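Everything on this sheet refers to the single structure shown next.
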Amino acid sequence: MVKDDFFRELDSLDPDNAEQLDDFCRKHILHGIPHIFQNNEQSYFNFRCRIAKKYCVPFHEIYITGSGKLGFSPHKNKDFDLDSDIDVAIISENLFDIIMFKILQFQMSLKANRRTLTQHELKMYHEFLEYVAIGWIRPDKLPLSFQMSDLKQSWFDYFESISYNKSEVGDYKVAAGVFKSYFHYENYIVSGFNKIKKSRNLQGIS
């Protein structure tokens, strides 16, 4: 996808026609082969299967999003390069609930004063809960103490193990989050693109 073409198409959408924006997001983010796997569909399939087997979800519920999908970040207006991450979205209500059960245990420990958080950790945890409210688990937003004790082995170590030339994506860091459902994932993408469109309109770009 050419960046200029992307923004030209986004700018042309009718702001009063929500269906147009929905279809735009589906076409460019939810559909098709990601930029990182251009002309290498088999590797994309293998990469999805690798993660799907690890977390016991169907391979078609593994998506690459962000600049790894488009070839640029529309939010940062920055091309995909060697400093970019491969952002993975896993769509799984079951995995979402499994992780949230661990969060419940953590929350109960906080309530019982068996755990304490620094101000910075508390801020991160509140940010984490804001994402959970829209159906997205971002483990990178968990307090450090929780990351180290509960999720590091099962999450961060795994995605480190498929980063930097240790999987089909090549020499990039792989990061991932879990969406509760396809609806939550699509709604997040649509909301983000709608925000970009409104910002461009206010700046008089379109």
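Here, A, B, ... name the chains of the structure tokens in the order displayed, residue numbers run from 1 inside each chain, and ligands are numbered from 1 in the same displayed order.
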Segment 71-88 of chain A environment, 8 Å, only C-alpha atoms, sequence neighbours closer than 3 positions dropped, as a ChimeraX atom specification: /A:1-3,34-36,62-68,169,171-177,196
May I ask for the distance between atom CA of Pro139 of chain A and atom CA of Ser43 of chain A, given in Å to one decimal place? 25.9 Å
Write out as a ChimeraX atom specification all residues of segment 29-186 of chain A that DSSP puts in alpha helix (DSSP H) for this structure's backbone. /A:41-55,67-70,93-111,119-133,144-146,157-161,182-186
Please provide as a ChimeraX atom specification all residues within 10 Å of Asp23 of chain A, with the sequence filter that same-chain residues fewer than 6 positions apart are discarded (counting only C-alpha atoms). /A:29-30,190
Among listed residues A:Leu70, A:Asn46, A:Ile134, A:Arg200, nearest Asp5 of chain A (using only C-alpha atoms): A:Leu70
Name all residues at most 12 Å from His120 of chain A (count only C-alpha atoms; drop same-chain ones fewer than 6 positions away) and give them as an mmCIF file with N, CA and C atoms, in the first residue's frame.
```cif
data_model
loop_
_atom_site.group_PDB
_atom_site.id
_atom_site.type_symbol
_atom_site.label_atom_id
_atom_site.label_comp_id
_atom_site.auth_asym_id
_atom_site.auth_seq_id
_atom_site.Cartn_x
_atom_site.Cartn_y
_atom_site.Cartn_z
ATOM 1 N N HIS A 126 -3.471 1.468 35.577
ATOM 2 C CA HIS A 126 -4.703 2.171 35.196
ATOM 3 C C HIS A 126 -4.823 2.256 33.676
ATOM 4 N N GLU A 127 -3.702 2.476 32.990
ATOM 5 C CA GLU A 127 -3.709 2.494 31.523
ATOM 6 C C GLU A 127 -4.088 1.114 30.992
ATOM 7 N N LYS A 141 1.450 -3.006 29.357
ATOM 8 C CA LYS A 141 0.965 -1.968 30.268
ATOM 9 C C LYS A 141 0.806 -2.470 31.705
ATOM 10 N N LEU A 142 1.109 -3.731 31.935
ATOM 11 C CA LEU A 142 1.009 -4.255 33.298
ATOM 12 C C LEU A 142 2.155 -3.740 34.157
ATOM 13 N N PRO A 143 1.929 -3.573 35.459
ATOM 14 C CA PRO A 143 3.032 -3.191 36.362
ATOM 15 C C PRO A 143 4.176 -4.181 36.257
ATOM 16 N N LEU A 144 5.398 -3.693 36.388
ATOM 17 C CA LEU A 144 6.582 -4.520 36.227
ATOM 18 C C LEU A 144 6.555 -5.726 37.155
ATOM 19 N N SER A 145 6.149 -5.524 38.397
ATOM 20 C CA SER A 145 6.136 -6.629 39.356
ATOM 21 C C SER A 145 5.223 -7.753 38.883
#
```
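Closest to Asp14 of chain A among A:Phe45, A:Leu202, A:Phe183, A:Lys197 is A:Lys197, based on only C-alpha atoms.
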Between atom CA of Ser161 of chain A and atom CA of Arg138 of chain A, measure the distance and give it in Å to one decimal. 18.3 Å
Write out as a list in words which residues come within 10 Å of His31 of chain A when counting only C-alpha atoms, dropping same-chain ones fewer than 5 positions away. Cys25, Arg26, Tyr63 and Lys69 of chain A
Could you pull the residues within 12 Å of Ile90 of chain A, counting only C-alpha atoms, minus those fewer than 2 positions along the same chain, as a PDB file with C-alpha atoms, in the first residue's frame?
```
ATOM      1  CA  ARG A  48       0.167 -17.313  12.145  1.00  0.00           C
ATOM      2  CA  CYS A  49       0.100 -21.061  12.751  1.00  0.00           C
ATOM      3  CA  ILE A  51       1.334 -18.335  17.377  1.00  0.00           C
ATOM      4  CA  ALA A  52      -2.053 -20.036  17.032  1.00  0.00           C
ATOM      5  CA  LYS A  53      -0.639 -23.372  18.192  1.00  0.00           C
ATOM      6  CA  LYS A  54       1.106 -21.750  21.128  1.00  0.00           C
ATOM      7  CA  TYR A  55      -2.122 -20.195  22.409  1.00  0.00           C
ATOM      8  CA  CYS A  56      -4.614 -22.769  21.100  1.00  0.00           C
ATOM      9  CA  VAL A  57      -6.542 -20.413  18.836  1.00  0.00           C
ATOM     10  CA  PRO A  58      -7.473 -20.757  15.136  1.00  0.00           C
ATOM     11  CA  PHE A  59      -4.739 -19.439  12.829  1.00  0.00           C
ATOM     12  CA  HIS A  60      -7.178 -17.048  11.132  1.00  0.00           C
ATOM     13  CA  GLU A  61      -7.587 -15.221  14.459  1.00  0.00           C
ATOM     14  CA  ILE A  62      -3.956 -14.057  14.312  1.00  0.00           C
ATOM     15  CA  TYR A  63      -3.500 -10.690  12.587  1.00  0.00           C
ATOM     16  CA  ILE A  64      -0.570  -8.404  11.893  1.00  0.00           C
ATOM     17  CA  THR A  65      -1.524  -4.789  12.374  1.00  0.00           C
ATOM     18  CA  ASP A  87       2.461  -5.855  16.055  1.00  0.00           C
ATOM     19  CA  VAL A  88       0.284  -8.950  16.404  1.00  0.00           C
ATOM     20  CA  SER A  92      -9.668 -14.895  21.250  1.00  0.00           C
ATOM     21  CA  GLU A  93     -12.302 -14.601  23.943  1.00  0.00           C
ATOM     22  CA  ASN A  94     -10.954 -17.726  25.633  1.00  0.00           C
ATOM     23  CA  LEU A  95      -7.367 -16.423  25.840  1.00  0.00           C
ATOM     24  CA  PHE A  96      -8.691 -13.027  26.924  1.00  0.00           C
ATOM     25  CA  GLY A 135     -11.676  -5.302  24.934  1.00  0.00           C
ATOM     26  CA  TRP A 136      -7.887  -5.220  24.430  1.00  0.00           C
ATOM     27  CA  ILE A 137      -5.305  -6.797  26.746  1.00  0.00           C
ATOM     28  CA  ARG A 138      -1.912  -5.088  26.456  1.00  0.00           C
ATOM     29  CA  ALA A 175       4.848  -7.641  20.201  1.00  0.00           C
ATOM     30  CA  ALA A 176       1.298  -8.846  20.762  1.00  0.00           C
ATOM     31  CA  GLY A 177      -1.981  -8.083  22.463  1.00  0.00           C
ATOM     32  CA  VAL A 178      -5.266  -9.964  22.828  1.00  0.00           C
ATOM     33  CA  PHE A 179      -8.669  -8.711  21.744  1.00  0.00           C
ATOM     34  CA  LYS A 180     -11.784 -10.172  23.300  1.00  0.00           C
ATOM     35  CA  SER A 181     -13.555 -10.486  19.948  1.00  0.00           C
ATOM     36  CA  TYR A 182     -13.390  -9.543  16.282  1.00  0.00           C
ATOM     37  CA  HIS A 184     -13.544  -5.230  19.632  1.00  0.00           C
ATOM     38  CA  TYR A 185     -10.583  -5.409  17.240  1.00  0.00           C
TER      39      TYR A 185
END
```
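Between atom CA of Leu13 of chain A and atom CA of Asn194 of chain A the separation is 10.1 Å.
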Strand (DSSP E or B) positions in segment 32-151 of chain A, given as a PyMOL selection string: chain A and resi 62-65+72-73+78-79+85-91+136-137
Among listed residues A:Glu130, A:Asp4, A:Glu19, A:Glu168, nearest Glu41 of chain A (using only C-alpha atoms): A:Glu168
